[in-house]
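Notes follow the structure.
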There are 2 protein chains.
Amino acid sequence: MPIRLATPASRAYAYPLLIRRLLQTAIAAAPAQEIVYRDRVRHTYGTLNERVGRLASGLARLGVEPGTTVAVMDWDSHRYLECFFSVPMMGAVLMTVNVRLTPAQIAYTLNDAGAEVLLLHRDFIPIFEAFRGQVRSLRKVVLIEDGAAAEAATPWAAAEFEQLVAESSPDYAFEDFDENALATTFYTTGTTGDPKGVCFSHRQLVLHTLALLCACASPAYGQSFRHGDVYLPLTPMFHVHAWGFPYVATMLGVKQVYPGRWTAADILSLRAREQVTFSHCVPTVLQLLLAEAQAIDANPQGWKICIGGSVLTPGLARAALARGVDVFAAYGMSETAPVLTMTRLQQAPTSPASEREVETRCRTGLPIPLVELRLVEPGSEVPDASSLAEGELTVRTPWLTPCYVGKPAASEDLWREGYLHTQDVARIDAQGYLQITDRLKDVIKTGGEWVSSIDLENLISRHPDVLEVAVVAVSDVVWGERPHVLVVPRPERGKDLTAQEVRDVVVTAVADGVLPRFAVPERITFVERLEKTSVGKINKRALRDQYGTDVDRSLAPGPCRPTVR
Amino acid sequence: MPIRLATPASRAYAYPLLIRRLLQTAIAAAPAQEIVYRDRVRHTYGTLNERVGRLASGLARLGVEPGTTVAVMDWDSHRYLECFFSVPMMGAVLMTVNVRLTPAQIAYTLNDAGAEVLLLHRDFIPIFEAFRGQVRSLRKVVLIEDGAAAEAATPWAAAEFEQLVAESSPDYAFEDFDENALATTFYTTGTTGDPKGVCFSHRQLVLHTLALLCACASPAYGQSFRHGDVYLPLTPMFHVHAWGFPYVATMLGVKQVYPGRWTAADILSLRAREQVTFSHCVPTVLQLLLAEAQAIDANPQGWKICIGGSVLTPGLARAALARGVDVFAAYGMSETAPVLTMTRLQQAPTSPASEREVETRCRTGLPIPLVELRLVEPGSEVPDASSLAEGELTVRTPWLTPCYVGKPAASEDLWREGYLHTQDVARIDAQGYLQITDRLKDVIKTGGEWVSSIDLENLISRHPDVLEVAVVAVSDVVWGERPHVLVVPRPERGKDLTAQEVRDVVVTAVADGVLPRFAVPERITFVERLEKTSVGKINKRALRDQYGTDVDRSLAPGPCRPTVR
């Protein structure tokens with residue numbers, strides 16, 4: 001047996017990995033650093049620390065104790081950052097509510113998590129009113145007025161956030177406890193059924209923060225987040241802890257800027273005013289920002305933006321680079337806290353960027369420290385230690401959700417063979433870079449071979465007249481499935497775009513040996529917009545529902561089988 | 001109670017923090033990166049991984065199993081790096097032997113640790129022969145021929161290192177085990193008594209590696225260690241894991257260069273040849289390198305060198321900067337794995353460096369993530385949550401030795417009040433920077449006030465004719481103690497240096513209000529050299545023994561009290 005550390009002094013050296021410790025580093029090393037909330041609040045890390053104590057004292061007065069679930073419905077704000085620390089530091093569980101779900105879905109998630117206290121921004125009162133009374137566990141609601149009184153009466157509010165903070169003591173005695181205590185929970189809207197709850201412990205979030213900072217801080221040629229940077233999240237803080245970056249930013253002790261509810265114009269002016277250098281968002285948000293930058297002829301030079309949530313296409317990456325944005329991809333999911341991999345250049349960037357550079361920026365990248373990736377045969381039940389060159393991505397790392405809360409069957413399925421199954425299909429190249437090639441649910445199986453819908457989307461996105469593109473599978477009696485390409489043309493110049501032009505892009509790639517012959521799509525549809533999910537991703541599920549069962553009978557007449565995925 | 005993570009799937013998500021995981025990141029992301037051993041070996045991380053497996057298989061054949069202590073006596077080499085991984089990855093304990101101790105001391109430490117296997121470089125055969133037969137636990141010795149056969153017969157050797165590696169299988173099945181398993185042990189020579197053993201677990205070293213990389217990778221203006229750097233250690237690997245940097249370098253996946261036994265000339269040519277950009281050493285080594293650089297007129301521009309072990313004086317820092325070296329200080333000790341703090345510039349450096357910049361580079365810096373510093377009244381027995389502005393530095397962090405092995409009283413003393421006591425006196429300024437002002441054992445208490453021997457050393461080191469300086473306390477019947485200044489003049493230009501000139505430096509500082517009046521030394525002695533410890537620090541203990549009891553009776557006649565420290 002390995003010798004285990006256990007000595008008379010072992011009680012003294014014990015040091016649980018608690019979220020409190022991330023804040024402590026910042027307070028010791030950057031007490032005067034700034035935290036900004038749009039044009040309304042500008043204070044220091046010292047004040048953050050004080051308000052974290054006040055909030056805990058206030059919540060304790062409302063009955064919050066270790067184990068209580070405290071739900072938050074707020075925009076990205078200094079308040080939300082305070083909740084990221086204060087609630088878990090009490091030993092309570094922070095539930096970050098996805099405010100883009102329907103009232104019924106939100107009620108479902110609050111009930112499922114047993115939320116007892118809700119911190120509610122006044123903008124979400126109409127949603128709250130729609131489900132009020134349906135959440136059995138809810139005992140107290142704290143209204144966040146955010147500088148303006150609510151329009152209607154709020155007799156159900158037990159307190160107002162700022163008042164609670166102001167009237168409570170900054171000297172809350174945060175104590176050490178088991179690092180495996182739950183810190184956060186939130187719900188992911190999967191492809192089927194009700195939203196599923198995931199959860200993370202203090203230990204998991206501390207390790208995720210350390211490993212993510214190692215990865216962010218160490219690139220040689222940009223794509224970095226380190227001292228001297230100014231941070232602005234463009235991912236909702238309810239969406240997987242804003243990918244963990246608020247914890248990283250705080251531990252680093254850098255200036256943080258929170259935008260509240262925003263438009264693209266707000267963000268561009270906030271960025272310029274506060275000299276923001278690091279952000280992260282989904283491709284759709286980047287597209288919005290670039291459109292606005294073009295409209296007002298802004299060049300946000302030196303802005304590093306990490307892209308996740310959906311694939312970063314070469315077309316979008318080039319558009320960002322042309323505006324001076326140091327754009328790059330990362331990969332993860334709700335179940336993984338979220339970050340697993342992040343890309344970085346291994347050679348100095350050029351201007352304009354080479355084909356290879358753009359490709360590297362769009363790859364989902366290299367595993368961050370402590371992440372083990374393994375590619376397996378999809379659906380394989382046989383444990384196999386080896387990793388394939390291409391297959392379903394499975395992972396181990398210390399920050400994976402242990403389960404879907406209260407869903408044993410789904411949890412078992414997630415964790416087959418001791419690895420978390422991502423349902424993503426991927427390749428790993430000789431340099432170790434991961435490339436997600438498809439969602440297992442999206443993969444197009446045609447004639448017994450796979451066609452990557454993401455490869456097709458990437459390729460077609462490069463056409464200058466294409467604004468957005470999505471490829472879904474349609475069922476087909478001869479081939480099993482065939483790709484269906486949905487294209488949003490670029491507003492002005494894309495109006496004359498034809499299906500043949502789109503098809504030709506693929507035909508050329510086939511001639512170049514980049515894609516297999518059977519990837520050439522027969523069906524190309526022009527649409528005005530692509531439906532997005534609540535977190536801004538293209539909603540493949542909705543597109544499949546709408547277009548996936550539309551069999552192209554001209555190819556092979558016969559009965560239409562329902563698409564079962 | 002906080003909710004603890006425990007679910008049906010919890011077995012699957014368990015992920016112990018094992019040293020194996022640091023290597024895994026590197027192998028996945030940088031399989032083709034280089035590892036160099038002087039001019040003899042040049043291979044890849046892929047080969048490192050393979051040799052780590054082979055070494056484990058070979059050690060297993062020699063009877064090493066989980067819990068076995070494997071001692072190493074080698075120069076800094078690719079082999080030592082392999083031991084850093086292979087031995088702990090087996091669940092065995094790596095003992096890094098301080099080869100500069102006397103044979104009797106080495107035998108003491110091997111016995112104390114119960115070392116069963118010794119990996120022995122042929123250069124240390126004479127030392128080994130001197131204590132052979134005195135280590136009861138020793139069962140097997142592996143000779144490291146390092147490219148040349150031993151001069152005498154070695155009938156006691158069970159195997160030769162390279163042969164063992166070559167003949168053993170690369171497919172050792174490293175398994176998961178408890179992250180609190182012991183990984184390493186080594187001995188620190190304190191101020192009194194026998195060497196004391198400290199020990200560290202897998203969890204501790206993984207967390208130290210992550211936090212150290214966070215600190216090293218994130219500075220804004222140099223003083224960094226990240227992708228693109230080339231690593232060369234100049235601290236022995238037996239000295240607190242070469243400060244943990246080989247683990248950081250490997251996790252990063254950067255090129256590593258190991259120098260073996262070296263002279264300053266070897267290092268400068270190796271640095272130039274392999275384009276080394278990051279090293280770490282004690283001040284004495286830096287001084288050696290700068291002298292050699294001056295002799296051959298080399299300018300190792302862009303070399304980042306982290307200084308620890310002893311105080312970095314402004315004089316030495318300026319000399320390094322003048323040669324283009326990005327020099328900066330860190331702080332830690334054997335008991336702390338070792339790194340606790342590291343300095344960094346918060347403004348772009350200038351050329352020449354401003355007084356303030358030099359001062360910042362010499363400060364012991366800011367706490368790295370997860371480090372909690374607390375200054376307490378020295379010798380205080382009363383627990384007190386508050387931190388003083390100046391006092392004895394006590395710490396908490398997840399990588400502190402739980403004890404001195406087999407020494408309960410010393411362990412209790414180390415860990416009073418739940419904090420590890422460093423015996424160093426320090427200040428923390430408004431920006432959070434730690435400044436070690438003295439060793440508690442070295443502190444000069446004169447007339448009830450403290451004079452910092454380090455402040456005096458720093459000040460006097462700036463005189464252009466001073467090469468090295470040490471200040472020790474001499475006992476004094478009137479004042480309790482007085483400072484005694486020992487000066488090594490610079491070879492050519494220092495020959496005319498007078499005691500009055502040295503004293504005037506302090507007098508000026510007193511006039512400027514920088515030092516108290518009673519800091520002006522009466523006793524100044526010129527010496528040819530200052531005795532160093534086995535790890536290259538100035539040996540204050542020996543100097544105190546030699547000069548400390550030399551009471552200056554001219555100040556106040558009376559009986560001489562023995563100095564008890």
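Ordered as shown in the structure tokens, chains take letters A, B, and onward, while each chain numbers its residues from 1 and ligands are numbered from 1 in the order shown.
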| request: Find the residues near A:Arg374: any atom within 12 Å, counting only C-alpha atoms, skip ones fewer than 4 places away on the same chain, and give them as JSON, numbers by chain. | output: {"A": [367, 378, 383, 384, 385, 386, 387, 388, 389, 390, 391, 392, 393, 394, 395, 396, 397, 417, 418, 419, 420, 421, 422, 424, 425, 426, 427, 428, 432, 434], "B": [28]}
Output C-alpha atoms for every residue in that selection, as a compact mmCIF listing (two decimals), in the first residue's frame.
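And here is the file that came out, out.txt:
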# COMPACT_ATOMS: atom_id res chain seq x y z
CA PRO A 367 -6.65 19.46 -23.08
CA PRO A 378 -19.96 5.26 -30.09
CA PRO A 383 -14.44 -1.13 -21.86
CA ASP A 384 -11.35 -0.48 -23.89
CA ALA A 385 -8.28 1.31 -22.57
CA SER A 386 -7.08 2.48 -25.97
CA SER A 387 -8.15 5.71 -27.61
CA LEU A 388 -9.29 5.66 -31.22
CA ALA A 389 -8.23 8.22 -33.84
CA GLU A 390 -11.88 9.21 -34.21
CA GLY A 391 -14.84 8.34 -32.05
CA GLU A 392 -17.11 9.51 -29.27
CA LEU A 393 -15.25 11.75 -26.88
CA THR A 394 -15.21 10.50 -23.31
CA VAL A 395 -13.39 12.31 -20.51
CA ARG A 396 -12.03 12.16 -16.99
CA THR A 397 -11.03 15.23 -15.01
CA GLU A 417 -17.28 2.63 -18.19
CA GLY A 418 -16.07 5.18 -15.67
CA TYR A 419 -15.77 7.96 -18.25
CA LEU A 420 -18.14 10.83 -18.83
CA HIS A 421 -19.65 10.46 -22.30
CA THR A 422 -19.92 13.75 -24.14
CA ASP A 424 -19.64 14.47 -29.27
CA VAL A 425 -17.68 12.82 -32.05
CA ALA A 426 -14.08 14.00 -32.30
CA ARG A 427 -10.66 13.48 -33.83
CA ILE A 428 -7.29 14.09 -32.16
CA GLY A 432 -2.75 16.50 -29.74
CA LEU A 434 -8.95 17.95 -30.45
CA ALA B 28 -1.22 14.44 -24.82
Enumerate as a PDB file with N, CA and C atoms, in the first residue's frame the residues belonging to chain B that approach chain A to within 7 Å, with only C-alpha atoms taken into account.
ATOM      1  N   MET B   1     -25.718  21.223   7.766  1.00  0.00           N
ATOM      2  CA  MET B   1     -24.497  20.684   7.131  1.00  0.00           C
ATOM      3  C   MET B   1     -24.496  20.987   5.640  1.00  0.00           C
ATOM      4  N   PRO B   2     -23.328  21.348   5.084  1.00  0.00           N
ATOM      5  CA  PRO B   2     -23.265  21.454   3.630  1.00  0.00           C
ATOM      6  C   PRO B   2     -23.575  20.098   3.006  1.00  0.00           C
ATOM      7  N   ILE B   3     -24.183  20.133   1.812  1.00  0.00           N
ATOM      8  CA  ILE B   3     -24.511  18.874   1.128  1.00  0.00           C
ATOM      9  C   ILE B   3     -23.235  18.294   0.528  1.00  0.00           C
ATOM     10  N   ARG B   4     -22.958  17.057   0.839  1.00  0.00           N
ATOM     11  CA  ARG B   4     -21.752  16.422   0.348  1.00  0.00           C
ATOM     12  C   ARG B   4     -22.084  15.670  -0.936  1.00  0.00           C
ATOM     13  N   LEU B   5     -21.174  15.743  -1.903  1.00  0.00           N
ATOM     14  CA  LEU B   5     -21.361  15.017  -3.152  1.00  0.00           C
ATOM     15  C   LEU B   5     -21.252  13.527  -2.873  1.00  0.00           C
ATOM     16  N   THR B   7     -23.182  10.111  -4.710  1.00  0.00           N
ATOM     17  CA  THR B   7     -24.259   9.661  -5.573  1.00  0.00           C
ATOM     18  C   THR B   7     -23.909   8.264  -6.049  1.00  0.00           C
ATOM     19  N   ALA B   9     -23.226   7.429  -8.868  1.00  0.00           N
ATOM     20  CA  ALA B   9     -22.170   7.502  -9.877  1.00  0.00           C
ATOM     21  C   ALA B   9     -20.867   8.024  -9.285  1.00  0.00           C
ATOM     22  N   SER B  10     -20.817   8.230  -7.977  1.00  0.00           N
ATOM     23  CA  SER B  10     -19.662   8.949  -7.428  1.00  0.00           C
ATOM     24  C   SER B  10     -18.369   8.166  -7.578  1.00  0.00           C
ATOM     25  N   ALA B  12     -17.509   6.658 -10.185  1.00  0.00           N
ATOM     26  CA  ALA B  12     -17.034   6.940 -11.533  1.00  0.00           C
ATOM     27  C   ALA B  12     -16.366   8.309 -11.625  1.00  0.00           C
ATOM     28  N   TYR B  13     -16.925   9.300 -10.923  1.00  0.00           N
ATOM     29  CA  TYR B  13     -16.383  10.639 -11.108  1.00  0.00           C
ATOM     30  C   TYR B  13     -15.167  10.899 -10.230  1.00  0.00           C
ATOM     31  N   TYR B  15     -11.638  11.323  -8.868  1.00  0.00           N
ATOM     32  CA  TYR B  15     -10.432  11.602  -9.645  1.00  0.00           C
ATOM     33  C   TYR B  15      -9.368  12.040  -8.657  1.00  0.00           C
ATOM     34  N   ARG B  21      -0.992  12.445 -13.372  1.00  0.00           N
ATOM     35  CA  ARG B  21      -1.859  13.317 -14.173  1.00  0.00           C
ATOM     36  C   ARG B  21      -1.111  14.509 -14.748  1.00  0.00           C
ATOM     37  N   LEU B  22      -0.011  14.904 -14.104  1.00  0.00           N
ATOM     38  CA  LEU B  22       0.776  16.026 -14.633  1.00  0.00           C
ATOM     39  C   LEU B  22       1.499  15.596 -15.906  1.00  0.00           C
ATOM     40  N   THR B  25      -0.940  15.221 -19.120  1.00  0.00           N
ATOM     41  CA  THR B  25      -1.250  16.438 -19.884  1.00  0.00           C
ATOM     42  C   THR B  25      -0.150  16.696 -20.911  1.00  0.00           C
ATOM     43  N   ALA B  28      -0.123  14.214 -23.881  1.00  0.00           N
ATOM     44  CA  ALA B  28      -1.224  14.442 -24.817  1.00  0.00           C
ATOM     45  C   ALA B  28      -0.985  15.677 -25.675  1.00  0.00           C
ATOM     46  N   ALA B  29      -0.395  16.715 -25.090  1.00  0.00           N
ATOM     47  CA  ALA B  29      -0.341  18.008 -25.790  1.00  0.00           C
ATOM     48  C   ALA B  29       1.025  18.319 -26.391  1.00  0.00           C
ATOM     49  N   ALA B  30       2.072  17.601 -25.985  1.00  0.00           N
ATOM     50  CA  ALA B  30       3.407  17.945 -26.505  1.00  0.00           C
ATOM     51  C   ALA B  30       4.271  16.697 -26.661  1.00  0.00           C
ATOM     52  N   PRO B  66       4.477  -0.285  -3.862  1.00  0.00           N
ATOM     53  CA  PRO B  66       3.890   0.877  -3.191  1.00  0.00           C
ATOM     54  C   PRO B  66       4.363   0.946  -1.739  1.00  0.00           C
ATOM     55  N   GLY B  67       4.840   2.116  -1.335  1.00  0.00           N
ATOM     56  CA  GLY B  67       5.319   2.287   0.032  1.00  0.00           C
ATOM     57  C   GLY B  67       6.829   2.191   0.181  1.00  0.00           C
ATOM     58  N   GLY B  91       3.483   4.575  -6.525  1.00  0.00           N
ATOM     59  CA  GLY B  91       3.026   4.556  -5.132  1.00  0.00           C
ATOM     60  C   GLY B  91       4.205   4.453  -4.176  1.00  0.00           C
ATOM     61  N   ALA B  92       5.422   4.432  -4.733  1.00  0.00           N
ATOM     62  CA  ALA B  92       6.626   4.428  -3.899  1.00  0.00           C
ATOM     63  C   ALA B  92       6.972   5.866  -3.517  1.00  0.00           C
ATOM     64  N   ASN B 180      -3.651  11.168  -1.031  1.00  0.00           N
ATOM     65  CA  ASN B 180      -2.871  11.523   0.156  1.00  0.00           C
ATOM     66  C   ASN B 180      -1.679  10.593   0.381  1.00  0.00           C
ATOM     67  N   ALA B 181      -1.430   9.706  -0.569  1.00  0.00           N
ATOM     68  CA  ALA B 181      -0.256   8.840  -0.466  1.00  0.00           C
ATOM     69  C   ALA B 181       1.003   9.696  -0.544  1.00  0.00           C
ATOM     70  N   LEU B 182       2.016   9.325   0.226  1.00  0.00           N
ATOM     71  CA  LEU B 182       3.302  10.028   0.199  1.00  0.00           C
ATOM     72  C   LEU B 182       3.948   9.894  -1.178  1.00  0.00           C
ATOM     73  N   SER B 201       2.683  14.736  -0.190  1.00  0.00           N
ATOM     74  CA  SER B 201       1.804  13.759  -0.842  1.00  0.00           C
ATOM     75  C   SER B 201       1.583  14.124  -2.304  1.00  0.00           C
ATOM     76  N   LEU B 210       0.034  23.228  -9.896  1.00  0.00           N
ATOM     77  CA  LEU B 210      -1.016  24.053 -10.510  1.00  0.00           C
ATOM     78  C   LEU B 210      -0.894  25.508 -10.055  1.00  0.00           C
ATOM     79  N   ALA B 211      -0.754  25.716  -8.756  1.00  0.00           N
ATOM     80  CA  ALA B 211      -0.720  27.083  -8.233  1.00  0.00           C
ATOM     81  C   ALA B 211       0.546  27.803  -8.682  1.00  0.00           C
ATOM     82  N   LEU B 213       2.236  27.214 -11.436  1.00  0.00           N
ATOM     83  CA  LEU B 213       2.097  27.567 -12.852  1.00  0.00           C
ATOM     84  C   LEU B 213       1.172  28.778 -13.015  1.00  0.00           C
ATOM     85  N   CYS B 214       0.091  28.815 -12.251  1.00  0.00           N
ATOM     86  CA  CYS B 214      -0.785  29.999 -12.306  1.00  0.00           C
ATOM     87  C   CYS B 214       0.040  31.264 -12.056  1.00  0.00           C
ATOM     88  N   ALA B 217       2.865  31.825 -14.928  1.00  0.00           N
ATOM     89  CA  ALA B 217       2.424  32.069 -16.305  1.00  0.00           C
ATOM     90  C   ALA B 217       1.743  33.409 -16.460  1.00  0.00           C
ATOM     91  N   SER B 218       1.260  34.001 -15.347  1.00  0.00           N
ATOM     92  CA  SER B 218       0.348  35.131 -15.499  1.00  0.00           C
ATOM     93  C   SER B 218       0.916  36.542 -15.373  1.00  0.00           C
ATOM     94  N   PRO B 219       2.208  36.750 -15.049  1.00  0.00           N
ATOM     95  CA  PRO B 219       2.680  38.142 -14.957  1.00  0.00           C
ATOM     96  C   PRO B 219       2.539  38.910 -16.279  1.00  0.00           C
ATOM     97  N   ALA B 220       2.332  40.198 -16.160  1.00  0.00           N
ATOM     98  CA  ALA B 220       2.083  41.026 -17.352  1.00  0.00           C
ATOM     99  C   ALA B 220       3.371  41.490 -18.023  1.00  0.00           C
ATOM    100  N   ARG B 226       6.173  30.136 -19.333  1.00  0.00           N
ATOM    101  CA  ARG B 226       4.981  29.679 -20.062  1.00  0.00           C
ATOM    102  C   ARG B 226       5.368  29.001 -21.367  1.00  0.00           C
ATOM    103  N   HIS B 227       4.391  28.688 -22.192  1.00  0.00           N
ATOM    104  CA  HIS B 227       4.674  28.041 -23.477  1.00  0.00           C
ATOM    105  C   HIS B 227       5.677  28.878 -24.270  1.00  0.00           C
ATOM    106  N   GLY B 228       6.562  28.194 -24.968  1.00  0.00           N
ATOM    107  CA  GLY B 228       7.570  28.894 -25.758  1.00  0.00           C
ATOM    108  C   GLY B 228       8.872  29.058 -24.984  1.00  0.00           C
ATOM    109  N   LEU B 366       4.200  38.399  -3.973  1.00  0.00           N
ATOM    110  CA  LEU B 366       2.782  38.219  -3.674  1.00  0.00           C
ATOM    111  C   LEU B 366       2.484  36.742  -3.486  1.00  0.00           C
ATOM    112  N   PRO B 367       1.530  36.422  -2.604  1.00  0.00           N
ATOM    113  CA  PRO B 367       1.192  35.012  -2.403  1.00  0.00           C
ATOM    114  C   PRO B 367       0.689  34.384  -3.707  1.00  0.00           C
ATOM    115  N   PRO B 369      -1.610  31.488  -5.730  1.00  0.00           N
ATOM    116  CA  PRO B 369      -2.957  31.033  -5.370  1.00  0.00           C
ATOM    117  C   PRO B 369      -2.972  29.997  -4.251  1.00  0.00           C
ATOM    118  N   LEU B 370      -3.965  30.085  -3.416  1.00  0.00           N
ATOM    119  CA  LEU B 370      -4.241  29.187  -2.294  1.00  0.00           C
ATOM    120  C   LEU B 370      -3.316  29.393  -1.090  1.00  0.00           C
ATOM    121  N   VAL B 371      -2.433  30.400  -1.154  1.00  0.00           N
ATOM    122  CA  VAL B 371      -1.528  30.648  -0.028  1.00  0.00           C
ATOM    123  C   VAL B 371      -2.125  31.724   0.884  1.00  0.00           C
ATOM    124  N   THR B 397      -1.577  26.618   3.410  1.00  0.00           N
ATOM    125  CA  THR B 397      -1.700  26.352   1.990  1.00  0.00           C
ATOM    126  C   THR B 397      -1.753  24.831   1.867  1.00  0.00           C
ATOM    127  N   PRO B 398      -2.249  24.281   0.758  1.00  0.00           N
ATOM    128  CA  PRO B 398      -2.438  22.816   0.751  1.00  0.00           C
ATOM    129  C   PRO B 398      -1.152  22.016   0.539  1.00  0.00           C
ATOM    130  N   LEU B 400       1.960  22.010   2.556  1.00  0.00           N
ATOM    131  CA  LEU B 400       2.929  22.134   3.645  1.00  0.00           C
ATOM    132  C   LEU B 400       3.220  20.764   4.240  1.00  0.00           C
ATOM    133  N   PRO B 402       3.348  17.901   6.644  1.00  0.00           N
ATOM    134  CA  PRO B 402       2.504  17.703   7.820  1.00  0.00           C
ATOM    135  C   PRO B 402       3.324  17.612   9.105  1.00  0.00           C
ATOM    136  N   CYS B 403       4.625  17.363   8.958  1.00  0.00           N
ATOM    137  CA  CYS B 403       5.444  17.151  10.162  1.00  0.00           C
ATOM    138  C   CYS B 403       6.913  17.072   9.768  1.00  0.00           C
ATOM    139  N   SER B 411       7.653  18.957  15.292  1.00  0.00           N
ATOM    140  CA  SER B 411       6.450  19.085  14.454  1.00  0.00           C
ATOM    141  C   SER B 411       5.415  19.979  15.132  1.00  0.00           C
ATOM    142  N   GLU B 412       5.220  19.754  16.411  1.00  0.00           N
ATOM    143  CA  GLU B 412       4.268  20.570  17.170  1.00  0.00           C
ATOM    144  C   GLU B 412       4.683  22.036  17.136  1.00  0.00           C
ATOM    145  N   TRP B 415       3.979  23.647  13.840  1.00  0.00           N
ATOM    146  CA  TRP B 415       2.556  23.790  13.516  1.00  0.00           C
ATOM    147  C   TRP B 415       1.729  24.441  14.624  1.00  0.00           C
ATOM    148  N   GLY B 418      -2.205  25.897  14.427  1.00  0.00           N
ATOM    149  CA  GLY B 418      -2.782  25.514  13.139  1.00  0.00           C
ATOM    150  C   GLY B 418      -2.152  26.182  11.936  1.00  0.00           C
ATOM    151  N   TYR B 419      -1.088  26.947  12.163  1.00  0.00           N
ATOM    152  CA  TYR B 419      -0.366  27.576  11.050  1.00  0.00           C
ATOM    153  C   TYR B 419       1.073  27.076  11.063  1.00  0.00           C
ATOM    154  N   GLN B 431       0.254  47.125  -0.984  1.00  0.00           N
ATOM    155  CA  GLN B 431      -0.042  46.444  -2.243  1.00  0.00           C
ATOM    156  C   GLN B 431      -0.057  44.922  -2.080  1.00  0.00           C
ATOM    157  N   GLY B 432       0.186  44.457  -0.858  1.00  0.00           N
ATOM    158  CA  GLY B 432       0.140  43.018  -0.610  1.00  0.00           C
ATOM    159  C   GLY B 432       1.474  42.312  -0.766  1.00  0.00           C
TER     160      GLY B 432
END
| Do you know which residues are at most 6 Å from stretch 126-132 of chain A counting only C-alpha atoms, after dropping those on the same chain fewer than 2 positions away, and could you put them as a ChimeraX atom specification? | /A:103,124,134
Selected residues, C-alpha atoms, written as an mmCIF file, in the first residue's frame, please.
data_model
loop_
_atom_site.group_PDB
_atom_site.id
_atom_site.type_symbol
_atom_site.label_atom_id
_atom_site.label_comp_id
_atom_site.auth_asym_id
_atom_site.auth_seq_id
_atom_site.Cartn_x
_atom_site.Cartn_y
_atom_site.Cartn_z
ATOM 1 C CA PRO A 103 -41.816 30.055 -16.755
ATOM 2 C CA PHE A 124 -37.849 38.992 -14.362
ATOM 3 C CA GLN A 134 -45.867 26.573 -8.222
#
| query | Between atom CA of B:Arg462 and atom CA of B:Val520, what is the spacing in Å? | reply | 16.1 Å
| message | Write out as number ranges by chain the set of residues from stretch 1-66 of chain B that DSSP, computed on the backbone, places in strand (DSSP E). | response | B: 34-37, 41-44
| request: Give me every alpha helix (DSSP H) residue in stretch 293-341 of chain A, going by DSSP on the backbone, as a VMD selection string. | output: chain A and resid 293 to 295 314 to 322
Generate a file of the selected residues that holds N, CA and C atoms, formatted as a short mmCIF file (atom, residue, chain, number, x, y, z; two decimals), in the first residue's frame.
data_model
loop_
_atom_site.label_atom_id
_atom_site.label_comp_id
_atom_site.auth_asym_id
_atom_site.auth_seq_id
_atom_site.Cartn_x
_atom_site.Cartn_y
_atom_site.Cartn_z
N ALA A 293 -19.83 46.41 -34.92
CA ALA A 293 -18.53 47.05 -35.14
C ALA A 293 -18.42 47.56 -36.57
N GLN A 294 -18.95 46.77 -37.50
CA GLN A 294 -18.93 47.19 -38.90
C GLN A 294 -19.84 48.41 -39.10
N ALA A 295 -21.00 48.36 -38.46
CA ALA A 295 -21.97 49.45 -38.62
C ALA A 295 -21.41 50.78 -38.12
N PRO A 314 -14.41 28.92 -39.66
CA PRO A 314 -13.32 29.72 -40.22
C PRO A 314 -13.82 31.06 -40.76
N GLY A 315 -15.04 31.06 -41.33
CA GLY A 315 -15.58 32.31 -41.86
C GLY A 315 -15.72 33.36 -40.77
N LEU A 316 -16.29 32.96 -39.64
CA LEU A 316 -16.49 33.89 -38.53
C LEU A 316 -15.14 34.30 -37.92
N ALA A 317 -14.22 33.33 -37.82
CA ALA A 317 -12.90 33.64 -37.26
C ALA A 317 -12.20 34.69 -38.11
N ARG A 318 -12.26 34.54 -39.44
CA ARG A 318 -11.63 35.52 -40.33
C ARG A 318 -12.25 36.90 -40.17
N ALA A 319 -13.57 36.93 -40.05
CA ALA A 319 -14.26 38.22 -39.88
C ALA A 319 -13.79 38.90 -38.58
N ALA A 320 -13.63 38.11 -37.52
CA ALA A 320 -13.17 38.67 -36.24
C ALA A 320 -11.73 39.15 -36.36
N LEU A 321 -10.88 38.34 -36.96
CA LEU A 321 -9.46 38.72 -37.12
C LEU A 321 -9.34 40.01 -37.92
N ALA A 322 -10.20 40.16 -38.93
CA ALA A 322 -10.15 41.37 -39.77
C ALA A 322 -10.43 42.63 -38.95
#
| query | B:Gly260, B:Arg51, B:Thr184, B:Ser169: which is nearest B:Asp76, counting only C-alpha atoms? | reply | B:Gly260
| message | I'd like the contact shell of A:Val240 - 7 Å cut-off, only C-alpha atoms, skipping same-chain residues fewer than 2 positions apart - returned as JSON, numbers by chain. | response | {"A": [238, 242, 243, 334, 337, 338]}
